[in-house]
$ cat input-v5.txt   # compact mmCIF, C-alpha atoms
# COMPACT_ATOMS: atom_id res chain seq x y z
CA ALA H 1 -23.27 13.71 13.53
CA GLN H 2 -22.30 13.93 9.90
CA ARG H 3 -23.34 11.36 7.34
CA VAL H 4 -22.85 10.87 3.61
CA THR H 5 -25.12 8.69 1.53
CA GLN H 6 -24.37 7.44 -1.95
CA PRO H 7 -27.50 5.49 -2.86
CA GLU H 8 -26.07 3.68 -5.88
CA LYS H 9 -23.40 1.00 -5.47
CA LEU H 10 -23.07 0.61 -9.20
CA LEU H 11 -23.82 2.83 -12.17
CA SER H 12 -23.46 1.40 -15.65
CA VAL H 13 -23.70 3.60 -18.76
CA PHE H 14 -22.57 3.61 -22.36
CA LYS H 15 -19.90 5.89 -23.72
CA GLY H 16 -21.32 9.30 -24.60
CA ALA H 17 -24.26 9.04 -22.21
CA PRO H 18 -24.79 11.56 -19.40
CA VAL H 19 -23.74 10.53 -15.92
CA GLU H 20 -25.02 11.61 -12.52
CA LEU H 21 -23.60 10.11 -9.35
CA LYS H 22 -25.74 10.97 -6.37
CA CYS H 23 -24.54 12.17 -3.00
CA ASN H 24 -26.70 13.29 -0.10
CA TYR H 25 -25.39 14.49 3.20
CA SER H 26 -26.49 15.19 6.72
CA TYR H 27 -24.73 17.86 8.73
CA SER H 28 -26.00 20.54 11.07
CA GLY H 29 -23.46 23.22 10.13
CA SER H 30 -21.93 24.43 6.88
CA PRO H 31 -20.36 21.45 5.15
CA GLU H 32 -17.29 21.25 3.00
CA LEU H 33 -17.89 18.65 0.29
CA PHE H 34 -15.56 16.75 -1.99
CA TRP H 35 -15.60 14.10 -4.66
CA TYR H 36 -12.73 11.61 -4.78
CA VAL H 37 -12.01 9.14 -7.56
CA GLN H 38 -10.20 5.83 -7.28
CA TYR H 39 -9.09 4.14 -10.49
CA SER H 40 -8.53 0.41 -10.37
CA ARG H 41 -6.19 -0.52 -7.51
CA GLN H 42 -4.87 3.04 -7.17
CA ARG H 43 -4.97 5.62 -4.43
CA LEU H 44 -7.88 7.97 -4.00
CA GLN H 45 -7.43 11.28 -5.77
CA LEU H 46 -9.26 14.52 -5.18
CA LEU H 47 -11.58 15.21 -8.10
CA LEU H 48 -13.66 18.18 -7.01
CA ARG H 49 -14.28 20.35 -3.99
CA HIS H 50 -17.43 22.40 -3.78
CA ILE H 51 -15.68 25.49 -2.51
CA SER H 52 -13.69 25.81 -5.74
CA ARG H 53 -16.68 25.50 -8.07
CA GLU H 54 -14.41 23.98 -10.68
CA SER H 55 -14.79 21.49 -13.51
CA ILE H 56 -12.31 18.65 -13.65
CA LYS H 57 -12.18 16.10 -16.49
CA GLY H 58 -15.60 17.36 -17.56
CA PHE H 59 -17.18 16.64 -14.17
CA THR H 60 -19.07 19.25 -12.18
CA ALA H 61 -20.87 19.17 -8.86
CA ASP H 62 -23.13 21.76 -7.31
CA LEU H 63 -23.92 22.00 -3.65
CA ASN H 64 -27.67 22.16 -3.07
CA LYS H 65 -28.18 23.08 0.56
CA GLY H 66 -31.95 22.86 0.28
CA GLU H 67 -31.83 19.26 -0.86
CA THR H 68 -28.59 18.55 1.05
CA SER H 69 -27.07 17.10 -2.09
CA PHE H 70 -23.78 17.30 -3.96
CA HIS H 71 -24.36 15.23 -7.09
CA LEU H 72 -21.52 14.67 -9.55
CA LYS H 73 -22.39 15.14 -13.21
CA LYS H 74 -20.79 14.73 -16.60
CA PRO H 75 -22.67 15.31 -19.86
CA PHE H 76 -20.81 12.72 -21.95
CA ALA H 77 -19.18 9.75 -20.22
CA GLN H 78 -15.88 8.33 -21.47
CA GLU H 79 -14.51 4.81 -20.96
CA GLU H 80 -11.62 6.22 -18.91
CA ASP H 81 -14.14 7.55 -16.40
CA SER H 82 -14.72 4.00 -15.18
CA ALA H 83 -13.70 4.07 -11.52
CA MET H 84 -14.95 4.16 -7.96
CA TYR H 85 -16.25 7.56 -6.86
CA TYR H 86 -16.50 8.64 -3.25
CA CYS H 87 -18.34 11.64 -1.89
CA ALA H 88 -16.83 13.09 1.28
CA LEU H 89 -17.92 15.65 3.84
CA SER H 90 -15.75 17.62 6.20
CA GLY H 91 -17.38 19.70 8.87
CA SER H 92 -16.52 23.37 9.06
CA GLY H 93 -15.42 25.28 12.10
CA GLY H 94 -12.25 23.39 12.83
CA SER H 95 -13.47 19.82 12.39
CA TYR H 96 -11.34 18.33 9.66
CA ILE H 97 -12.34 14.71 10.06
CA PRO H 98 -13.87 13.67 6.78
CA THR H 99 -16.74 11.25 6.44
CA PHE H 100 -16.88 9.24 3.24
CA GLY H 101 -19.83 7.68 1.51
CA ARG H 102 -19.74 3.99 0.60
CA GLY H 103 -18.80 4.79 -2.97
CA THR H 104 -20.34 4.32 -6.39
CA SER H 105 -18.68 2.17 -9.00
CA LEU H 106 -19.06 3.75 -12.43
CA ILE H 107 -18.67 1.50 -15.44
CA VAL H 108 -18.66 3.08 -18.88
CA HIS H 109 -19.19 0.60 -21.69
CA PRO H 110 -17.79 1.21 -25.19
CA ASN I 1 7.71 15.48 -3.21
CA ALA I 2 6.59 11.98 -2.37
CA GLY I 3 3.30 13.05 -0.75
CA VAL I 4 2.00 10.19 1.41
CA THR I 5 3.98 6.95 1.43
CA GLN I 6 2.73 3.71 2.92
CA THR I 7 4.78 0.64 3.70
CA PRO I 8 4.44 -2.23 3.14
CA LYS I 9 2.23 -2.43 0.03
CA PHE I 10 1.23 -6.05 0.62
CA ARG I 11 1.35 -8.38 3.58
CA VAL I 12 -0.01 -11.77 4.55
CA LEU I 13 -0.32 -12.49 8.27
CA LYS I 14 -1.33 -15.53 10.23
CA THR I 15 -4.06 -15.14 12.83
CA GLY I 16 -2.56 -13.86 16.06
CA GLN I 17 0.53 -12.28 14.50
CA SER I 18 1.30 -8.62 14.97
CA MET I 19 2.48 -5.99 12.53
CA THR I 20 2.87 -2.27 12.07
CA LEU I 21 1.89 -0.26 9.03
CA LEU I 22 3.87 2.91 8.44
CA CYS I 23 2.55 6.11 6.91
CA ALA I 24 4.92 8.96 6.14
CA GLN I 25 4.09 12.38 4.68
CA ASP I 26 6.43 15.12 3.59
CA MET I 27 3.91 17.96 3.27
CA ASN I 28 4.13 19.16 6.87
CA HIS I 29 0.47 18.27 7.37
CA GLU I 30 -0.96 18.43 10.87
CA TYR I 31 -3.76 15.92 10.38
CA MET I 32 -3.27 12.26 9.56
CA TYR I 33 -5.81 9.45 9.23
CA TRP I 34 -6.00 5.70 8.88
CA TYR I 35 -8.91 4.17 6.93
CA ARG I 36 -9.83 0.67 5.95
CA GLN I 37 -11.57 -0.03 2.68
CA ASP I 38 -13.84 -3.03 2.34
CA PRO I 39 -16.18 -3.96 -0.53
CA GLY I 40 -19.56 -2.33 -0.11
CA MET I 41 -18.46 -0.50 3.03
CA GLY I 42 -16.52 2.37 1.53
CA LEU I 43 -13.86 3.99 3.67
CA ARG I 44 -14.15 3.69 7.42
CA LEU I 45 -12.01 5.75 9.75
CA ILE I 46 -9.94 3.71 12.18
CA HIS I 47 -7.91 6.33 14.05
CA TYR I 48 -6.74 9.83 13.37
CA SER I 49 -4.32 12.41 14.67
CA VAL I 50 -4.65 16.20 14.79
CA GLY I 51 -0.99 16.77 15.56
CA GLU I 52 2.25 15.30 16.78
CA GLY I 53 1.76 13.31 19.97
CA THR I 54 -2.03 13.16 19.66
CA THR I 55 -4.31 10.35 18.51
CA ALA I 56 -8.05 9.72 18.60
CA LYS I 57 -10.45 6.91 17.81
CA GLY I 58 -12.45 6.86 14.64
CA GLU I 59 -15.41 4.76 13.62
CA VAL I 60 -13.80 1.29 13.83
CA PRO I 61 -10.85 1.45 16.27
CA ASP I 62 -11.12 -1.97 17.93
CA GLY I 63 -8.13 -4.22 17.35
CA TYR I 64 -5.88 -1.37 16.24
CA ASN I 65 -3.48 1.01 17.96
CA VAL I 66 -1.72 4.07 16.58
CA SER I 67 1.14 6.36 17.42
CA ARG I 68 2.24 9.78 16.14
CA LEU I 69 5.62 10.34 17.76
CA LYS I 70 6.83 12.46 14.84
CA LYS I 71 4.72 14.86 12.84
CA GLN I 72 5.54 13.19 9.56
CA ASN I 73 4.80 9.61 10.64
CA PHE I 74 1.59 7.87 11.66
CA LEU I 75 1.87 4.21 12.61
CA LEU I 76 -0.99 1.71 12.68
CA GLY I 77 -0.47 -1.42 14.75
CA LEU I 78 -2.29 -4.72 14.84
CA GLU I 79 -1.39 -6.51 18.06
CA SER I 80 -3.13 -9.81 17.32
CA ALA I 81 -4.37 -10.01 13.75
CA ALA I 82 -7.76 -11.54 12.97
CA PRO I 83 -9.25 -12.59 9.62
CA SER I 84 -11.80 -9.75 10.00
CA GLN I 85 -8.90 -7.34 9.61
CA THR I 86 -8.28 -8.49 6.06
CA SER I 87 -8.69 -5.27 4.15
CA VAL I 88 -6.99 -2.52 2.21
CA TYR I 89 -5.65 0.16 4.51
CA PHE I 90 -5.25 3.75 3.38
CA CYS I 91 -3.44 6.54 5.13
CA ALA I 92 -4.31 10.16 4.42
CA SER I 93 -3.14 13.56 5.56
CA SER I 94 -4.39 17.13 5.41
CA ASN I 95 -3.25 20.57 6.43
CA GLY I 96 -6.34 21.14 8.51
CA GLY I 97 -7.85 23.45 5.93
CA THR I 98 -10.25 22.23 3.32
CA LEU I 99 -8.89 23.90 0.23
CA GLY I 100 -6.28 21.23 -0.29
CA GLY I 101 -8.49 18.31 0.50
CA TYR I 102 -6.98 15.12 1.73
CA THR I 103 -3.92 13.39 0.24
CA PHE I 104 -3.98 9.60 0.24
CA GLY I 105 -1.29 6.97 0.22
CA SER I 106 -1.34 4.10 -2.26
CA GLY I 107 -2.69 1.61 0.25
CA THR I 108 -1.59 -1.56 2.02
CA ARG I 109 -3.33 -4.79 1.07
CA LEU I 110 -3.41 -6.98 4.17
CA THR I 111 -4.61 -10.57 4.25
CA VAL I 112 -4.98 -12.41 7.54
CA VAL I 113 -5.24 -16.18 7.20
$ encode --input "input-v5.txt" --output "structure tokens"
Amino acid sequence: AQRVTQPEKLLSVFKGAPVELKCNYSYSGSPELFWYVQYSRQRLQLLLRHISRESIKGFTADLNKGETSFHLKKPFAQEEDSAMYYCALSGSGGSYIPTFGRGTSLIVHP
Amino acid sequence: NAGVTQTPKFRVLKTGQSMTLLCAQDMNHEYMYWYRQDPGMGLRLIHYSVGEGTTAKGEVPDGYNVSRLKKQNFLLGLESAAPSQTSVYFCASSNGGTLGGYTFGSGTRLTVV
């Protein structure tokens, strides 16, 4: 079974502070991991996927297979980063049914 | 390209009423999904489909039925609505590969009174 854990329901920081949103996963095979962002009352949008090793809006995430983690980081938070962030896992090998974490609400204060 | 379109955007139902939520995608995606989003619970998978004419149960299927008669459409039905089904419902689709991720609709806010 695959599981995604986001231990923090809420993360509150001030503008300019570093941000780390935690994501841990459980999966027996090779996982495909994603971060999705949902701004207030909008649809979920793909932010990052681990396979692309990209940086979007200043956010990065590295897959750590040893610690089974895929934490999302940004060195300097901006007010417009305030949103709900979901970590998602999709199993490899033909299983494309994603499992989402419960989400972390990020609030960036001015 | 509209992506994933959900209708209606809002609906209020009385307990016991029925309704159908429509999800349409124009990306020729094979996989489609229905999720519900509740505070503190994240996204929970209701039903999904891996292709036209196929459906399967997700994590919380009770009280819902689905149909995928056409590849581009995925319908979610509530036969007898209950207050516990008050939620925001999201449809998503994917091409079965992971490079593109999953494309979401804008959601349907359903209230059952």
$ residues_around --input "input-v5.txt" --residues "H:Gln78" --least-positions-apart "6" --cutoff "9 Å" --atoms "only C-alpha atoms" --output "list in words"
Phe14, Lys15, Gly16, Ala17, Val108, His109 and Pro110 of chain H
$ residues_around --input "input-v5.txt" --residues "I:Arg109" --least-positions-apart "2" --cutoff "12 Å" --atoms "all atoms listed in the file" --output "PyMOL selection string"
(chain H and resi 41-43) or (chain I and resi 6-13+21+36-38+85-90+105-107+111-112)
$ closest_residue --input "input-v5.txt" --among "I:Ser84, I:Val66, I:Gly40, I:Thr108" --to "chain H" --atoms "all atoms listed in the file"
I:Gly40
$ residues_around --input "input-v5.txt" --residues "I:Lys70" --least-positions-apart "6" --cutoff "10 Å" --atoms "only C-alpha atoms" --output "NGL selection string"
:I and (24 or 51-53)
$ closest_atom_pairs --input "input-v5.txt" --of "chain H" --to "chain I" --cutoff "7 Å" --atoms "all atoms listed in the file" --output "tab-separated table"
residue	atom	partner	partner_atom	distance
H:Gln42	CA	I:Ser106	CA	6.1
H:Arg43	CA	I:Ser106	CA	4.5
H:Leu44	CA	I:Phe104	CA	6.0
H:Leu46	CA	I:Gly101	CA	6.9
H:Tyr96	CA	I:Gly96	CA	5.8
H:Phe100	CA	I:Leu43	CA	6.1
H:Gly101	CA	I:Gly42	CA	6.3
H:Arg102	CA	I:Gly42	CA	3.7
H:Gly103	CA	I:Gly42	CA	5.6
$ residues_around --input "input-v5.txt" --residues "stretch 52-60 of chain H" --least-positions-apart "6" --cutoff "9 Å" --atoms "all atoms listed in the file" --output "count of residues only"
9
$ closest_residue --input "input-v5.txt" --among "H:Ala83, H:Leu10, H:Leu63, H:Leu106" --to "H:Glu32" --atoms "all atoms listed in the file"
H:Leu63
$ closest_residue --input "input-v5.txt" --among "H:Val19, H:Ile107, H:Ala88, H:Leu33" --to "H:Gln6" --atoms "all atoms listed in the file"
H:Ala88
$ atom_distance --input "input-v5.txt" --atom1 "atom CA of I:Gly3" --atom2 "atom CA of I:Ser93"
9.0 Å
$ atom_distance --input "input-v5.txt" --atom1 "atom CA of H:Val37" --atom2 "atom CA of I:Ala2"
19.5 Å
$ residues_around --input "input-v5.txt" --residues "I:Lys57" --least-positions-apart "4" --cutoff "8 Å" --atoms "all atoms listed in the file" --output "PDB file with C-alpha atoms, in the frame of the given file"
ATOM      1  CA  ILE I  46      -9.940   3.710  12.180  1.00  0.00           C
ATOM      2  CA  HIS I  47      -7.910   6.330  14.050  1.00  0.00           C
ATOM      3  CA  TYR I  48      -6.740   9.830  13.370  1.00  0.00           C
ATOM      4  CA  PRO I  61     -10.850   1.450  16.270  1.00  0.00           C
TER       5      PRO I  61
END
$ atom_distance --input "input-v5.txt" --atom1 "atom CA of I:Phe74" --atom2 "atom CA of H:Gln45"
19.9 Å
$ closest_residue --input "input-v5.txt" --among "H:Met84, H:Ser90, H:Tyr36, H:Ser28" --to "H:Ala1" --atoms "all atoms listed in the file"
H:Ser28
